[in-house]
Each structure stands twice: as structure tokens, then as C-alpha cells.
$ cat structure05.txt   # compact mmCIF, C-alpha atoms
# COMPACT_ATOMS: atom_id res chain seq x y z
CA MET H 20 4.34 -14.34 6.39
CA LYS H 21 7.84 -13.27 5.45
CA GLY H 22 7.15 -11.85 2.01
CA LEU H 23 4.55 -11.36 -0.65
CA ALA H 24 4.42 -10.80 -4.40
CA ALA H 25 1.23 -9.78 -6.22
CA ASP H 26 -0.24 -7.80 -9.04
CA PHE H 27 -2.41 -4.86 -8.07
CA LEU H 28 -5.09 -2.54 -9.36
CA GLN H 29 -5.34 0.76 -7.49
CA VAL H 30 -8.59 2.67 -7.93
CA TYR H 31 -8.75 6.18 -6.48
CA HIS H 32 -12.22 7.66 -6.04
CA THR H 33 -12.03 11.40 -5.37
CA SER H 34 -14.55 13.17 -3.16
CA ASP H 35 -15.89 14.98 -6.26
CA GLY H 36 -16.72 11.74 -8.10
CA ARG H 37 -13.69 11.31 -10.38
CA THR H 38 -11.93 7.95 -10.65
CA LYS H 39 -8.30 7.17 -11.47
CA ARG H 40 -7.00 3.64 -12.13
CA GLU H 41 -3.39 2.47 -11.91
CA SER H 42 -1.91 -1.00 -12.04
CA GLY H 43 1.35 -2.82 -11.59
CA SER H 44 3.21 -5.31 -9.44
CA LEU H 45 4.00 -5.36 -5.73
CA LEU H 46 6.72 -6.96 -3.60
CA LEU H 47 6.67 -6.89 0.21
CA ARG H 48 9.30 -8.34 2.54
CA ARG H 49 9.90 -8.28 6.26
CA PRO H 50 10.85 -6.03 7.92
CA GLY H 51 9.08 -3.13 6.23
CA LYS H 52 10.37 -3.45 2.68
CA ALA H 53 8.13 -2.71 -0.29
CA ARG H 54 8.41 -2.19 -4.02
CA TRP H 55 5.50 -0.94 -6.15
CA ASN H 56 6.15 -0.96 -9.89
CA TYR H 57 3.40 0.98 -11.65
CA PHE H 58 3.00 0.12 -15.33
CA SER H 59 -0.26 1.80 -16.31
CA PRO H 60 -1.27 4.51 -17.09
CA GLU H 61 2.27 5.77 -16.47
CA ARG H 62 5.44 4.10 -15.27
CA LYS H 63 6.51 4.98 -11.75
CA ILE H 64 8.18 3.30 -8.82
CA PHE H 65 7.75 3.37 -5.04
CA VAL H 66 10.48 1.62 -3.02
CA SER H 67 10.84 1.28 0.75
CA ASP H 68 14.08 -0.17 2.10
CA GLY H 69 12.56 -0.25 5.60
CA LYS H 70 13.93 3.17 6.61
CA ASN H 71 13.48 5.39 3.56
CA ILE H 72 10.90 5.64 0.80
CA PHE H 73 11.87 6.58 -2.74
CA PHE H 74 9.36 7.63 -5.37
CA HIS H 75 10.00 8.37 -9.03
CA VAL H 76 7.79 8.92 -12.08
CA SER H 77 9.44 7.79 -15.32
CA GLY H 78 10.78 10.71 -17.34
CA GLU H 79 10.94 13.17 -14.43
CA LYS H 80 14.25 14.78 -13.38
CA TYR H 81 13.79 14.18 -9.66
CA ALA H 82 12.97 11.30 -7.35
CA THR H 83 11.88 11.98 -3.77
CA ARG H 84 13.15 10.41 -0.56
CA SER H 85 11.31 10.47 2.75
CA ARG H 86 11.59 8.59 6.02
CA VAL H 87 9.10 5.73 6.45
CA LYS H 88 8.13 7.09 9.89
CA GLN H 89 7.24 10.50 8.40
CA SER H 90 5.43 9.24 5.33
CA ILE H 91 1.74 9.70 4.65
CA ASP H 92 1.91 7.58 1.52
CA PRO H 93 -1.06 5.23 1.05
CA GLN H 94 1.20 2.24 0.38
CA ILE H 95 2.47 2.26 3.98
CA PRO H 96 -0.57 0.42 5.46
CA PHE H 97 0.42 -2.59 3.37
CA LEU H 98 3.40 -3.05 5.65
CA PHE H 99 0.90 -4.29 8.28
CA LEU H 100 0.52 -7.40 6.14
CA LEU H 101 4.08 -8.25 7.10
CA GLY H 102 3.73 -7.53 10.77
CA ARG H 103 5.20 -4.02 10.84
CA GLY H 104 3.55 -2.32 13.75
CA ASN H 105 1.12 -3.89 16.16
CA ILE H 106 -2.52 -4.11 15.12
CA ARG H 107 -3.87 -4.05 18.68
CA ARG H 108 -1.63 -1.11 19.64
CA ASP H 109 -2.02 0.92 16.44
CA PHE H 110 -5.79 0.63 15.90
CA SER H 111 -8.44 1.78 18.37
CA SER H 112 -11.15 -0.33 16.78
CA ILE H 113 -11.36 -3.38 14.53
CA GLU H 114 -14.82 -4.49 13.51
CA VAL H 115 -16.57 -6.62 10.89
CA MET H 116 -18.44 -4.42 8.41
CA SER H 117 -21.93 -5.26 7.22
CA ASP H 118 -22.34 -2.29 4.84
CA GLU H 119 -19.28 -2.97 2.62
CA ARG H 120 -19.72 -5.88 0.21
CA PRO H 121 -16.70 -8.12 -0.28
CA ILE H 122 -15.47 -8.59 -3.85
CA GLU H 123 -15.24 -12.35 -3.32
CA SER H 124 -18.08 -14.41 -1.87
CA GLY H 125 -17.30 -15.75 1.60
CA ASN H 126 -14.77 -13.03 2.41
CA VAL H 127 -15.13 -10.66 5.36
CA VAL H 128 -14.48 -6.91 5.33
CA LEU H 129 -12.89 -5.48 8.47
CA ARG H 130 -12.82 -1.79 9.41
CA LEU H 131 -9.66 -0.65 11.21
CA ILE H 132 -9.66 2.76 12.88
CA PRO H 133 -6.08 3.96 13.48
CA LYS H 134 -5.19 5.57 16.81
CA ARG H 135 -2.58 7.77 15.14
CA ALA H 136 -2.69 8.25 11.43
CA PRO H 137 -1.55 10.78 8.91
CA GLN H 138 -3.99 13.67 8.93
CA ASP H 139 -5.66 12.56 5.69
CA PHE H 140 -6.40 8.95 6.71
CA LYS H 141 -9.68 8.19 8.43
CA GLN H 142 -9.91 4.41 8.33
CA ILE H 143 -8.68 1.30 6.57
CA LEU H 144 -10.81 -1.56 5.30
CA ALA H 145 -9.28 -4.98 4.79
CA GLU H 146 -11.06 -7.74 2.89
CA VAL H 147 -9.86 -11.10 4.13
CA SER H 148 -10.53 -14.68 3.16
CA PRO H 149 -11.33 -16.71 6.31
CA ARG H 150 -10.44 -19.89 4.40
CA ARG H 151 -6.99 -18.79 3.20
CA PHE H 152 -6.23 -16.08 5.80
CA SER H 153 -5.22 -13.75 2.98
CA VAL H 154 -6.00 -10.12 2.19
CA ASN H 155 -7.53 -9.61 -1.26
CA ARG H 156 -8.28 -5.90 -0.99
CA LEU H 157 -7.18 -3.00 1.15
CA VAL H 158 -9.14 0.27 1.14
CA ILE H 159 -7.91 3.55 2.55
CA ILE H 160 -10.64 6.05 3.31
CA GLU H 161 -9.58 9.65 3.68
CA ARG H 162 -11.22 12.29 5.84
CA SER H 163 -12.29 14.13 2.66
CA GLY H 164 -14.45 11.15 1.65
CA ALA H 165 -12.05 10.04 -1.07
CA ARG H 166 -11.02 6.41 -1.07
CA MET H 167 -8.30 4.25 -2.55
CA ASP H 168 -9.09 0.61 -3.27
CA PHE H 169 -6.14 -1.74 -3.79
CA TYR H 170 -7.16 -5.05 -5.38
CA LEU H 171 -4.57 -7.81 -5.19
CA SER H 172 -4.37 -10.71 -7.63
CA ASN H 173 -1.85 -13.41 -8.51
CA ILE H 174 -0.82 -13.39 -4.83
CA ARG H 175 2.28 -15.38 -3.93
CA GLU H 176 2.66 -15.59 -0.17
CA ASN H 177 6.09 -16.08 1.40
CA HIS H 178 7.79 -14.97 -1.80
CA ILE H 179 11.19 -13.74 -0.66
CA ALA H 180 12.46 -11.08 -3.05
CA ALA H 181 16.17 -10.28 -3.20
CA ASP H 182 17.52 -7.32 -1.21
CA SER H 183 18.35 -5.61 -4.50
CA GLU H 184 14.60 -5.28 -5.23
CA PHE H 185 14.32 -2.85 -2.31
CA THR H 186 17.22 -0.63 -3.30
CA PHE H 187 16.44 2.45 -5.35
CA THR H 188 18.98 3.26 -8.02
CA PRO H 189 17.99 6.45 -9.83
CA PRO H 190 18.08 6.40 -13.62
CA ALA H 191 20.93 8.34 -15.24
CA GLY H 192 20.47 12.09 -14.77
CA VAL H 193 17.79 11.75 -12.06
CA LEU H 194 18.51 13.57 -8.79
CA ILE H 195 17.09 12.61 -5.39
CA ARG H 196 15.38 15.31 -3.31
CA GLN H 197 14.28 15.06 0.30
CA ALA H 198 10.48 15.24 0.50
CA GLN H 199 9.03 18.20 2.36

$ encode --input "structure05.txt" --output "C-alpha cells"
Amino acid sequence: MKGLAADFLQVYHTSDGRTKRESGSLLLRRPGKARWNYFSPERKIFVSDGKNIFFHVSGEKYATRSRVKQSIDPQIPFLFLLGRGNIRRDFSSIEVMSDERPIESGNVVLRLIPKRAPQDFKQILAEVSPRRFSVNRLVIIERSGARMDFYLSNIRENHIAADSEFTFTPPAGVLIRQAQ
């Protein structure tokens, strides 16, 4: 797959039982490019040009920039959908889960245990359709017990977005700061 376009719903379940929902649209393109446009509940943008990640919340004075290699952002595992990294090299274990129900009948949920992961990540679950070979949901489980479920819909595989989609141009008056 060379690219992907989809709508997403991101549901974050905190370890203390709270839930936060966000939604928007997603573009992915080889090698390692991503654009997340969040529309609800607030407008924000996450852009990876393959080397740097830019993040900005609408109305704020600053956007942040960080290197992809140094990022702990939860959107980064999606780059595996486009072949960034090596699944056999980067994960110590990949297994079919029996205790996590798929959202779509006939799908399979895989548990991927990363060999090296940001300190907060424990494991990744990927729900795949054996018929279409597509990922419908990606779940990031943190060491704290919190989890982020990303549900994909309106998936358009091999959608090749223009290079300009992966370039961050800050709005007027917004400054870019290097993330700590």
C-alpha cells in the first residue's frame, strides 16, 4: 500500500475511567508521511513530513515540532500500515487475541508487543479483516492501563495525497517551538 485516506474516531480511555472522543480525517503516504485533521471536539492538526512532526491546536500561539524518531505520539504506530519499520524486527511477539472482541464480525485482533517502545506504550492491538487485508481499528495500550482506540471508516487504500498535504504551514502569528 502506498497511501491511505480515512475518517477516524479516536477514543481515549484513561486509567481512572474517563473517556475522551475526538474525530477527523487521516492521510498516510509512504514513506512515513501522515496528516491528522481533528475536527471535533476541537480543531487541531498533526502532520509528519517523514522527518519531523508538527502539532497545532487551533487558536493557540505555538505549534510544536519534534523529530519522528524521538516522538512518543500515539499516531506514529499508524506508519506501520505503510511499511515504515519492520514488523518482525520491531515486535517481539505477534499473536491472535481471543479475549478482545473485534468490532466487525469475521475480523481478527492481533496483539503486537514492541521490542523498543516509548516508555508509555505497552502493546498495540490491530483489528484486521482477513478478507480485505485491511486494518479497521488500532488500539494503543499504555503501561498505566489507559488505552486509545482508533476506529477507521471510509477507508480509501492507495490514495496518494499531494506532497503539500504533508507540509505544515503555521497560521499567521503562530510560532513553531521545538518539543522538549

$ closest_residue --input "structure05.txt" --among "H:His178, H:His75, H:Ser124, H:Ser148" --to "Val193 in chain H" --atoms "only C-alpha atoms"
H:His75

$ closest_residue --input "structure05.txt" --among "H:Lys80, H:His32, H:Lys70, H:Lys63" --to "Ile195 in chain H" --atoms "all atoms listed in the file"
H:Lys80

$ closest_residue --input "structure05.txt" --among "H:Ala25, H:Leu47, H:Val87, H:Met20" --to "Ala198 in chain H" --atoms "all atoms listed in the file"
H:Val87

$ residues_near_point --input "structure05.txt" --point "(-13.8, 15.8, 3.2)" --cutoff "10 Å" --atoms "all atoms listed in the file" --output "PyMOL selection string"
chain H and resi 33-35+139+161-165

$ residues_around --input "structure05.txt" --residues "Arg166 in chain H" --least-positions-apart "5" --cutoff "10 Å" --atoms "all atoms listed in the file" --output "JSON, numbers by chain"
{"H": [30, 31, 32, 33, 34, 38, 140, 141, 142, 143, 158, 159, 160, 161]}

$ atom_distance --input "structure05.txt" --atom1 "CA of Phe187 in chain H" --atom2 "CA of Arg84 in chain H"
9.9 Å

$ residues_around --input "structure05.txt" --residues "Ser183 in chain H" --least-positions-apart "4" --cutoff "12 Å" --atoms "only C-alpha atoms" --output "list in words"
Leu46, Arg48, Lys52, Ala53, Arg54, Val66, Ser67, Asp68, Ile179, Phe187 and Thr188 of chain H

$ closest_residue --input "structure05.txt" --among "H:Gly22, H:Pro189, H:Pro121, H:Pro50" --to "Leu144 in chain H" --atoms "only C-alpha atoms"
H:Pro121

$ atom_distance --input "structure05.txt" --atom1 "CA of Val128 in chain H" --atom2 "CA of Met116 in chain H"
5.6 Å

$ atom_distance --input "structure05.txt" --atom1 "CA of Val115 in chain H" --atom2 "CA of Met167 in chain H"
19.2 Å

$ residues_around --input "structure05.txt" --residues "Leu45 in chain H" --least-positions-apart "6" --cutoff "7 Å" --atoms "all atoms listed in the file" --output "number ranges by chain"
H: 24-27, 54-56

$ residues_around --input "structure05.txt" --residues "Ser117 in chain H" --least-positions-apart "6" --cutoff "12 Å" --atoms "all atoms listed in the file" --output "PyMOL selection string"
chain H and resi 126-130+144+146

$ write_last_selection --input "structure05.txt" --atoms "C-alpha atoms" --output "PDB file, in the frame of the given file"
ATOM      1  CA  ASN H 126     -14.770 -13.030   2.410  1.00  0.00           C
ATOM      2  CA  VAL H 127     -15.130 -10.660   5.360  1.00  0.00           C
ATOM      3  CA  VAL H 128     -14.480  -6.910   5.330  1.00  0.00           C
ATOM      4  CA  LEU H 129     -12.890  -5.480   8.470  1.00  0.00           C
ATOM      5  CA  ARG H 130     -12.820  -1.790   9.410  1.00  0.00           C
ATOM      6  CA  LEU H 144     -10.810  -1.560   5.300  1.00  0.00           C
ATOM      7  CA  GLU H 146     -11.060  -7.740   2.890  1.00  0.00           C
TER       8      GLU H 146
END
